[in-house]
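Next comes model.cif, with mmCIF, C-alpha atoms.
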```
data_input
#
loop_
_atom_site.label_atom_id
_atom_site.label_comp_id
_atom_site.auth_asym_id
_atom_site.auth_seq_id
_atom_site.Cartn_x
_atom_site.Cartn_y
_atom_site.Cartn_z
CA MET A 1 83.73 155.31 102.33
CA ILE A 2 83.90 155.69 106.11
CA ASP A 3 81.81 153.28 108.14
CA HIS A 4 81.72 152.55 111.88
CA TYR A 5 81.41 149.41 113.96
CA ASP A 6 80.54 148.85 117.63
CA TRP A 7 82.33 146.54 119.99
CA ALA A 8 82.05 146.04 123.77
CA GLY A 9 84.45 148.94 124.43
CA GLY A 10 82.86 151.53 122.15
CA ARG A 11 82.61 152.65 118.54
CA GLU A 12 85.47 152.81 116.04
CA ALA A 13 85.80 153.95 112.43
CA MET A 14 86.30 151.58 109.50
CA LEU A 15 87.24 152.35 105.90
CA ARG A 16 85.29 150.38 103.29
CA PHE A 17 86.46 149.59 99.78
CA GLY A 18 84.93 148.05 96.67
CA PRO A 19 81.49 146.57 96.00
CA ASP A 20 78.68 146.28 98.53
CA THR A 21 78.79 142.49 98.32
CA CYS A 22 80.23 139.48 100.11
CA PRO A 23 82.82 138.21 100.72
CA VAL A 24 84.70 141.01 102.49
CA VAL A 25 88.43 141.03 103.21
CA VAL A 26 88.96 142.71 106.61
CA ALA A 27 92.51 143.96 107.23
CA ALA A 28 94.38 144.11 110.54
CA LEU A 29 97.35 146.49 110.56
CA PRO A 30 100.35 145.66 112.73
CA LEU A 31 100.30 147.04 116.26
CA PHE A 32 101.76 150.41 117.26
CA GLU A 33 104.37 152.20 115.16
CA GLU A 34 104.34 149.63 112.34
CA ALA A 35 100.68 150.50 111.68
CA ASN A 36 101.73 153.96 110.48
CA ARG A 37 104.41 152.47 108.27
CA THR A 38 102.09 149.97 106.55
CA ARG A 39 98.75 151.82 106.37
CA ALA A 40 99.27 153.25 102.86
CA PHE A 41 100.49 149.85 101.64
CA VAL A 42 97.46 148.00 103.05
CA VAL A 43 95.08 150.63 101.62
CA THR A 44 96.76 150.09 98.23
CA ILE A 45 96.16 146.33 98.54
CA LEU A 46 92.48 146.88 99.47
CA ARG A 47 91.99 149.26 96.52
CA ALA A 48 93.60 146.69 94.20
CA LEU A 49 91.22 144.04 95.58
CA ALA A 50 88.28 146.39 94.94
CA GLU A 51 89.43 146.71 91.30
CA ARG A 52 89.24 142.92 91.17
CA GLY A 53 85.65 142.99 92.44
CA ILE A 54 86.38 141.99 96.04
CA ALA A 55 85.17 144.17 98.92
CA GLY A 56 87.56 145.22 101.67
CA ALA A 57 87.49 146.91 105.07
CA LEU A 58 90.14 148.49 107.27
CA PRO A 59 88.87 148.95 110.84
CA ASP A 60 90.60 151.26 113.31
CA LEU A 61 91.16 148.99 116.29
CA PRO A 62 91.24 150.45 119.83
CA GLY A 63 94.31 152.68 120.15
CA GLN A 64 94.85 152.82 116.35
CA GLY A 65 94.17 155.54 113.80
CA GLU A 66 91.26 157.78 114.84
CA SER A 67 90.49 155.69 117.94
CA LEU A 68 90.06 157.69 121.15
CA ALA A 69 91.20 154.76 123.32
CA PRO A 70 94.60 155.60 124.92
CA THR A 71 97.25 153.05 123.89
CA ASP A 72 98.15 152.33 127.51
CA THR A 73 94.66 150.93 128.22
CA VAL A 74 94.57 148.53 125.27
CA ARG A 75 94.85 144.79 125.84
CA LEU A 76 95.22 141.99 123.34
CA ALA A 77 91.75 140.69 124.19
CA HIS A 78 90.27 144.13 123.34
CA LEU A 79 91.99 144.17 119.97
CA ARG A 80 90.79 140.66 119.17
CA ASP A 81 87.23 141.44 120.32
CA ALA A 82 87.15 144.62 118.26
CA PHE A 83 88.48 142.84 115.16
CA ALA A 84 85.88 140.09 115.59
CA ALA A 85 83.15 142.76 115.94
CA ALA A 86 84.37 144.45 112.75
CA THR A 87 84.15 141.16 110.83
CA ARG A 88 80.59 140.61 112.13
CA HIS A 89 79.64 144.15 111.14
CA VAL A 90 80.58 143.67 107.46
CA GLY A 91 78.39 140.55 107.26
CA GLY A 92 79.71 137.14 106.33
CA PRO A 93 81.68 135.58 105.03
CA ALA A 94 84.68 137.64 106.09
CA TYR A 95 88.32 136.86 105.34
CA ALA A 96 91.19 138.25 107.45
CA LEU A 97 94.19 140.01 105.92
CA GLY A 98 96.82 140.23 108.67
CA ILE A 99 100.18 141.90 108.23
CA ARG A 100 103.02 141.47 110.77
CA SER A 101 101.56 141.56 114.31
CA GLY A 102 98.12 142.15 112.78
CA ALA A 103 98.14 138.37 112.29
CA LEU A 104 97.78 138.04 116.08
CA LEU A 105 94.44 139.84 116.07
CA ASP A 106 92.16 137.55 114.02
CA ALA A 107 92.43 134.53 116.34
CA THR A 108 88.93 134.79 117.88
CA ALA A 109 86.98 136.02 114.83
CA THR A 110 84.69 133.75 112.81
CA LEU A 111 86.23 133.78 109.34
CA GLY A 112 86.15 132.06 105.98
CA GLY A 113 89.94 132.06 106.11
CA ARG A 114 93.07 133.92 107.20
CA TRP A 115 95.71 135.38 104.89
CA HIS A 116 98.93 136.55 106.59
CA PHE A 117 101.82 138.56 105.17
CA THR A 118 105.08 138.26 107.17
CA PRO A 119 103.23 137.37 110.38
CA SER A 120 105.11 137.94 113.64
CA THR A 121 104.31 136.18 116.90
CA GLY A 122 103.70 137.98 120.18
CA ALA A 123 107.16 136.93 121.37
CA ASP A 124 108.77 138.48 118.24
CA LEU A 125 106.82 141.68 118.79
CA LEU A 126 107.75 141.89 122.48
CA ARG A 127 111.43 141.51 121.65
CA GLU A 128 111.23 144.34 119.10
CA LEU A 129 109.27 146.57 121.49
CA GLU A 130 111.86 146.03 124.22
CA ARG A 131 114.62 146.99 121.79
CA LEU A 132 112.69 150.15 120.82
CA ARG A 133 112.22 151.07 124.47
CA GLN A 134 115.94 150.72 125.16
CA ALA A 135 116.78 152.74 122.02
CA GLY A 136 114.45 155.51 123.21
CA GLY A 137 116.01 155.56 126.66
CA GLY A 138 112.67 156.06 128.51
CA ASP A 139 109.55 154.15 129.52
CA ALA A 140 107.84 154.48 126.14
CA TYR A 141 108.02 151.85 123.41
CA GLY A 142 108.85 153.77 120.22
CA GLY A 143 106.73 156.69 121.50
CA ASN A 144 103.82 154.56 122.79
CA HIS A 145 102.96 153.95 126.42
CA LEU A 146 101.70 150.38 126.69
CA SER A 147 99.64 148.50 129.24
CA PRO A 148 101.62 146.04 131.39
CA VAL A 149 98.69 143.67 130.83
CA LEU A 150 99.24 143.75 127.08
CA LEU A 151 103.00 143.27 127.47
CA GLY A 152 102.26 140.27 129.70
CA GLU A 153 99.89 138.79 127.09
CA LEU A 154 102.42 138.94 124.25
CA PRO A 155 104.83 136.07 125.09
CA THR A 156 102.07 133.51 124.60
CA ALA A 157 100.11 135.34 121.87
CA GLY A 158 100.07 133.00 118.90
CA ILE A 159 98.77 132.98 115.36
CA ALA A 160 95.76 130.90 114.36
CA ALA A 161 96.64 127.79 112.41
CA LEU A 162 95.38 127.08 108.88
CA SER A 163 96.22 130.43 107.39
CA ARG A 164 97.76 131.17 104.01
CA THR A 165 101.20 132.62 104.81
CA ILE A 166 103.38 134.82 102.58
CA TYR A 167 106.90 135.99 103.47
CA LEU A 168 109.46 138.16 101.71
CA GLU A 169 112.21 136.35 99.81
CA SER A 170 114.75 137.66 102.34
CA ASP A 171 112.94 135.72 105.08
CA ALA A 172 113.88 132.05 105.41
CA ARG A 173 110.80 130.99 107.41
CA PRO A 174 108.56 128.41 105.72
CA ALA A 175 105.62 129.89 103.81
CA ASP A 176 103.05 129.09 101.15
CA ARG A 177 104.86 131.61 98.98
CA HIS A 178 107.84 134.00 99.11
CA VAL A 179 107.66 137.33 97.26
CA PRO A 180 110.39 139.86 96.35
CA GLY A 181 110.30 143.20 98.17
CA ALA A 182 111.65 145.28 101.04
CA PRO A 183 110.19 145.34 104.59
CA LEU A 184 108.19 148.60 104.60
CA TRP A 185 107.44 148.18 108.33
CA ARG A 186 111.09 148.81 109.23
CA ARG A 187 111.32 152.16 107.45
CA SER A 188 111.23 155.20 109.70
CA GLU A 189 109.64 157.21 106.87
CA PRO A 190 106.40 155.61 105.62
CA ASP A 191 106.78 154.29 102.07
CA ASN A 192 104.68 152.24 99.66
CA ASN A 193 105.21 149.53 97.05
CA PRO A 194 102.27 149.54 94.59
CA ALA A 195 103.75 146.71 92.47
CA LEU A 196 104.02 144.40 95.50
CA ALA A 197 100.55 145.49 96.68
CA ALA A 198 99.08 144.55 93.27
CA SER A 199 100.81 141.18 93.29
CA LEU A 200 99.56 140.42 96.82
CA ALA A 201 96.03 141.55 95.89
CA GLU A 202 96.14 139.07 93.00
CA ASP A 203 97.16 136.32 95.44
CA ILE A 204 94.40 137.26 97.92
CA ALA A 205 91.74 137.44 95.19
CA ALA A 206 92.63 133.98 93.85
CA TRP A 207 92.71 132.56 97.39
CA VAL A 208 89.32 134.06 98.36
CA ARG A 209 87.75 132.72 95.15
CA ALA A 210 89.20 129.26 95.82
CA CYS A 211 87.87 129.34 99.42
CA GLU A 212 84.42 130.43 98.19
CA SER A 213 84.07 127.82 95.47
CA MET B 214 133.92 128.36 102.03
CA GLN B 215 134.37 130.78 104.93
CA ARG B 216 135.20 133.61 102.52
CA GLU B 217 132.10 132.84 100.49
CA GLY B 218 130.04 132.90 103.69
CA PHE B 219 131.53 136.26 104.67
CA ALA B 220 130.66 137.79 101.29
CA LYS B 221 127.09 136.56 101.70
CA VAL B 222 126.80 138.14 105.15
CA GLU B 223 128.25 141.38 103.77
CA GLU B 224 125.59 141.50 101.03
CA THR B 225 122.87 140.74 103.59
CA VAL B 226 124.03 143.60 105.85
CA ARG B 227 124.19 145.91 102.81
CA GLY B 228 120.65 144.92 101.81
CA VAL B 229 119.36 145.52 105.35
CA LEU B 230 120.88 149.02 105.51
CA ARG B 231 119.43 149.82 102.07
CA ASP B 232 115.93 148.54 102.90
CA VAL B 233 115.62 149.82 106.48
CA LEU B 234 117.19 153.24 105.93
CA GLY B 235 115.62 153.71 102.48
CA LEU B 236 118.98 154.23 100.72
CA SER B 237 119.31 154.05 96.95
CA THR B 238 120.85 150.86 95.56
CA GLU B 239 123.79 152.92 94.25
CA ARG B 240 124.45 154.47 97.64
CA ALA B 241 124.32 151.13 99.43
CA ALA B 242 126.48 149.49 96.76
CA ALA B 243 129.21 152.08 97.41
CA PHE B 244 129.55 151.06 101.09
CA HIS B 245 132.95 149.60 101.83
CA GLU B 246 134.86 148.33 104.85
CA ASP B 247 135.65 151.82 106.20
CA THR B 248 132.34 153.58 105.42
CA PRO B 249 131.31 155.17 108.74
CA LEU B 250 127.76 154.36 109.92
CA PHE B 251 126.46 155.51 113.32
CA GLY B 252 126.94 159.25 113.69
CA ALA B 253 127.78 159.62 109.99
CA LEU B 254 124.58 158.43 108.28
CA PRO B 255 121.77 160.87 109.16
CA GLU B 256 119.19 158.13 108.49
CA LEU B 257 120.70 155.89 111.16
CA ASP B 258 119.27 157.25 114.41
CA SER B 259 118.88 155.12 117.53
CA LEU B 260 115.38 153.89 116.56
CA ALA B 261 116.64 152.97 113.10
CA VAL B 262 119.47 151.01 114.75
CA ALA B 263 116.81 148.87 116.46
CA GLY B 264 115.22 148.12 113.06
CA VAL B 265 118.58 147.35 111.44
CA LEU B 266 119.57 144.90 114.18
CA THR B 267 116.20 143.12 114.16
CA GLU B 268 116.21 142.81 110.39
CA ILE B 269 119.80 141.44 110.43
CA GLU B 270 118.65 138.87 113.00
CA ASP B 271 115.73 137.82 110.81
CA ARG B 272 117.70 137.54 107.59
CA LEU B 273 120.71 135.73 109.07
CA GLY B 274 118.78 133.68 111.62
CA ILE B 275 120.89 134.96 114.52
CA LEU B 276 120.15 136.54 117.90
CA ILE B 277 121.90 139.73 119.01
CA GLU B 278 121.88 140.33 122.76
CA ASP B 279 121.41 143.90 123.90
CA ASP B 280 124.69 143.94 125.85
CA GLU B 281 126.53 143.12 122.62
CA VAL B 282 125.32 146.33 120.98
CA ASP B 283 127.86 149.13 121.33
CA GLY B 284 129.29 152.05 119.37
CA GLU B 285 132.16 149.98 118.07
CA MET B 286 130.05 147.45 116.14
CA LEU B 287 128.10 150.30 114.52
CA GLU B 288 131.16 152.41 113.76
CA SER B 289 131.63 151.27 110.18
CA PHE B 290 130.13 148.99 107.53
CA GLY B 291 133.10 146.65 108.02
CA ALA B 292 132.65 146.50 111.81
CA LEU B 293 128.92 145.70 111.54
CA THR B 294 129.59 143.05 108.88
CA ARG B 295 132.32 141.41 111.00
CA PHE B 296 130.02 141.35 114.03
CA ALA B 297 127.20 139.74 112.03
CA ALA B 298 129.58 137.28 110.33
CA ALA B 299 131.06 136.19 113.67
CA LYS B 300 127.54 135.19 114.74
CA ALA B 301 126.20 133.82 111.48
CA LEU B 302 129.26 131.77 110.57
CA ALA B 303 130.02 130.50 114.08
#
```
As a first step, turn the structure in this file into C-alpha cells.
Amino acid sequence: MIDHYDWAGGREAMLRFGPDTCPVVVAALPLFEEANRTRAFVVTILRALAERGIAGALPDLPGQGESLAPTDTVRLAHLRDAFAAATRHVGGPAYALGIRSGALLDATATLGGRWHFTPSTGADLLRELERLRQAGGGDAYGGNHLSPVLLGELPTAGIAALSRTIYLESDARPADRHVPGAPLWRRSEPDNNPALAASLAEDIAAWVRACES
Amino acid sequence: MQREGFAKVEETVRGVLRDVLGLSTERAAAFHEDTPLFGALPELDSLAVAGVLTEIEDRLGILIEDDEVDGEMLESFGALTRFAAAKALA
C-alpha cells in the first residue's frame, strides 16, 4: 500500500509491505541512478520479508522516486532527516536496510539495528559520480544535476558503526557474510535477482528476530 | 606464478564485462585476446565504461586514474586485461 510521511522539507510517499505490526524494516535505496537499478530488487526483498511475517517500508527520499524536490537542491542532511522521519512514522522499533550509498542515509535515525548490503562510503560515491560526469562530457552526473553542497558533504560522509554488513563474493572487503551474485547497481538496464533477494530476506529476518529477542 | 596471476585477472575482467553489461555466460566465455570492445560491443557505451572500470577497481583492489583511460586500453579484451594485470600484479 502507499503511505506518506512528513519531514521538515515536506511530504513524501512511502510504500508499505507486510503486516501492520512492529518491527518494520525501512529500506534506503542508493542515491541517484543506482536507485533506479536496485528498486525492483529491494521491493522483491521487502515482499519476501512480508512473506516471512516482517513488515517493510520503502520511503521516497527527497529527489527520489515520486518526490517533487529537484535533485540539485538535495543535501545529505535532508536525506538523513527524511529517512529518520520515515522511521519515526512507521512506529518503533525500526530496522534500516541500506544498499550501496543508501547505507549513508540511516546515520541519524533511531533504530533497532542497521543491515547493509554492499555499503559504499561517501568518498566511493563521489569518485563514481565524478567518473560518470566525465563520461557524460557535461555538468551532469549520470543525468542528474547535483548540489555543490551535497558534493562537498560526500568526502566525509561515513557509515554508522555496528551494522550487519553483507558483500558479494566478488568483493574482498571484510563482511559478516559474502553472498554469490552480480552487482545489479552497475547494469545500465535495470535487472532483478529473486533468488538473491530471497536469500537476503532470510538473512534479514533471522537478524531482526535475533535483535528483538 | 605470474602466469597464474594473469589468468586470474583475465577471468576477473571477463566476469566484470559479463555482470556489468548483462552478457550471457556463453558470450563472455567466448571473449579472447583480439575480441574488440569499445565501439564494437553495443552494450559498452561511455556510461557503461565508467561502471566497468569501477567494478574492475573493486574486484582487483586497484585504482585507475582518469588520465590512464584511453581508447587503446578499451580496444580489445586483451588490451583491457593487460592494462588491469599491469596494475594488479605490479
For this session: Might you spell out which residues the PyMOL selection byres ((chain B and resi 260) around 7) would select in the displayed file, as a ChimeraX atom specification?
Result: /A:132,135-136 /B:258-259,261-264
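Between atom CA of A:Leu76 and atom CA of B:Thr267 the interatomic distance comes to 22.9 Å.
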Decode the PyMOL selection byres ((chain A) within 10 of (chain B)) for the given file into explicit residues and return them as an mmCIF file with C-alpha atoms, keeping the file's coordinate frame.
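Saved the output as part29.cif:
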```
data_model
loop_
_atom_site.group_PDB
_atom_site.id
_atom_site.type_symbol
_atom_site.label_atom_id
_atom_site.label_comp_id
_atom_site.auth_asym_id
_atom_site.auth_seq_id
_atom_site.Cartn_x
_atom_site.Cartn_y
_atom_site.Cartn_z
ATOM 1 C CA ASP A 124 108.770 138.480 118.240
ATOM 2 C CA ARG A 127 111.430 141.510 121.650
ATOM 3 C CA GLU A 128 111.230 144.340 119.100
ATOM 4 C CA LEU A 129 109.270 146.570 121.490
ATOM 5 C CA GLU A 130 111.860 146.030 124.220
ATOM 6 C CA ARG A 131 114.620 146.990 121.790
ATOM 7 C CA LEU A 132 112.690 150.150 120.820
ATOM 8 C CA ARG A 133 112.220 151.070 124.470
ATOM 9 C CA GLN A 134 115.940 150.720 125.160
ATOM 10 C CA ALA A 135 116.780 152.740 122.020
ATOM 11 C CA GLY A 136 114.450 155.510 123.210
ATOM 12 C CA GLY A 137 116.010 155.560 126.660
ATOM 13 C CA GLY A 142 108.850 153.770 120.220
ATOM 14 C CA GLU A 169 112.210 136.350 99.810
ATOM 15 C CA SER A 170 114.750 137.660 102.340
ATOM 16 C CA ASP A 171 112.940 135.720 105.080
ATOM 17 C CA ALA A 172 113.880 132.050 105.410
ATOM 18 C CA ARG A 173 110.800 130.990 107.410
ATOM 19 C CA GLY A 181 110.300 143.200 98.170
ATOM 20 C CA ALA A 182 111.650 145.280 101.040
ATOM 21 C CA PRO A 183 110.190 145.340 104.590
ATOM 22 C CA LEU A 184 108.190 148.600 104.600
ATOM 23 C CA TRP A 185 107.440 148.180 108.330
ATOM 24 C CA ARG A 186 111.090 148.810 109.230
ATOM 25 C CA ARG A 187 111.320 152.160 107.450
ATOM 26 C CA SER A 188 111.230 155.200 109.700
ATOM 27 C CA GLU A 189 109.640 157.210 106.870
ATOM 28 C CA PRO A 190 106.400 155.610 105.620
ATOM 29 C CA ASP A 191 106.780 154.290 102.070
#
```
Would you write out, as a PDB file with C-alpha atoms, keeping the file's coordinate frame, every residue that the PyMOL selection byres ((chain A and resi 15) around 8) captures in this file?
```pdb
ATOM      1  CA  MET A   1      83.730 155.310 102.330  1.00  0.00           C
ATOM      2  CA  ILE A   2      83.900 155.690 106.110  1.00  0.00           C
ATOM      3  CA  ASP A   3      81.810 153.280 108.140  1.00  0.00           C
ATOM      4  CA  ALA A  13      85.800 153.950 112.430  1.00  0.00           C
ATOM      5  CA  MET A  14      86.300 151.580 109.500  1.00  0.00           C
ATOM      6  CA  ARG A  16      85.290 150.380 103.290  1.00  0.00           C
ATOM      7  CA  PHE A  17      86.460 149.590  99.780  1.00  0.00           C
ATOM      8  CA  ALA A  57      87.490 146.910 105.070  1.00  0.00           C
ATOM      9  CA  LEU A  58      90.140 148.490 107.270  1.00  0.00           C
ATOM     10  CA  PRO A  59      88.870 148.950 110.840  1.00  0.00           C
TER      11      PRO A  59
END
```
Problem set entry | Option closest in space to A:Leu168, from A:Leu150, A:Cys211, A:Ile99, A:Leu29 [counting all atoms listed in the file] | A:Ile99
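Shell of B:Ala292 at 12 Å, with all atoms listed in the file counted and residues fewer than 5 places along the chain excluded, is Glu223, Val226, His245, Glu246, Asp247, Thr248, Pro249, Leu250, Phe251, Val282, Asp283, Gly284, Glu285, Met286, Leu287, Ala297, Ala298 and Ala299 of chain B.
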Exercise. Mind pulling up the distance from atom CA of B:Thr294 to atom CA of A:Gly122?
Worked result: 28.7 Å
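Of the residues under consideration (A:Trp115, A:Trp7, A:Phe32, A:Phe83), A:Trp115 shows the shortest atom-to-atom contact distance to A:Tyr95 when counting only C-alpha atoms.
In this structure, atom CA of A:Ala55 sits 17.2 Å away from atom CA of A:Ala85.
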Would you output stretch 151-167 of chain A from that structure, restricted to C-alpha atoms, as a tab-separated table (two decimals), in the first residue's frame?
```tsv
chain	number	residue	atom	x	y	z
A	151	LEU	CA	29.12	17.00	-3.31
A	152	GLY	CA	31.07	18.79	-0.57
A	153	GLU	CA	29.42	16.64	2.12
A	154	LEU	CA	30.33	13.33	0.48
A	155	PRO	CA	34.09	13.02	1.18
A	156	THR	CA	33.46	12.80	4.92
A	157	ALA	CA	30.08	11.01	4.79
A	158	GLY	CA	30.55	7.78	6.70
A	159	ILE	CA	28.53	4.74	7.61
A	160	ALA	CA	27.26	4.18	11.14
A	161	ALA	CA	29.20	1.55	13.06
A	162	LEU	CA	27.63	-1.61	14.48
A	163	SER	CA	25.76	-2.66	11.38
A	164	ARG	CA	25.42	-6.13	9.91
A	165	THR	CA	27.32	-5.99	6.60
A	166	ILE	CA	26.92	-8.26	3.58
A	167	TYR	CA	29.08	-8.09	0.43
```
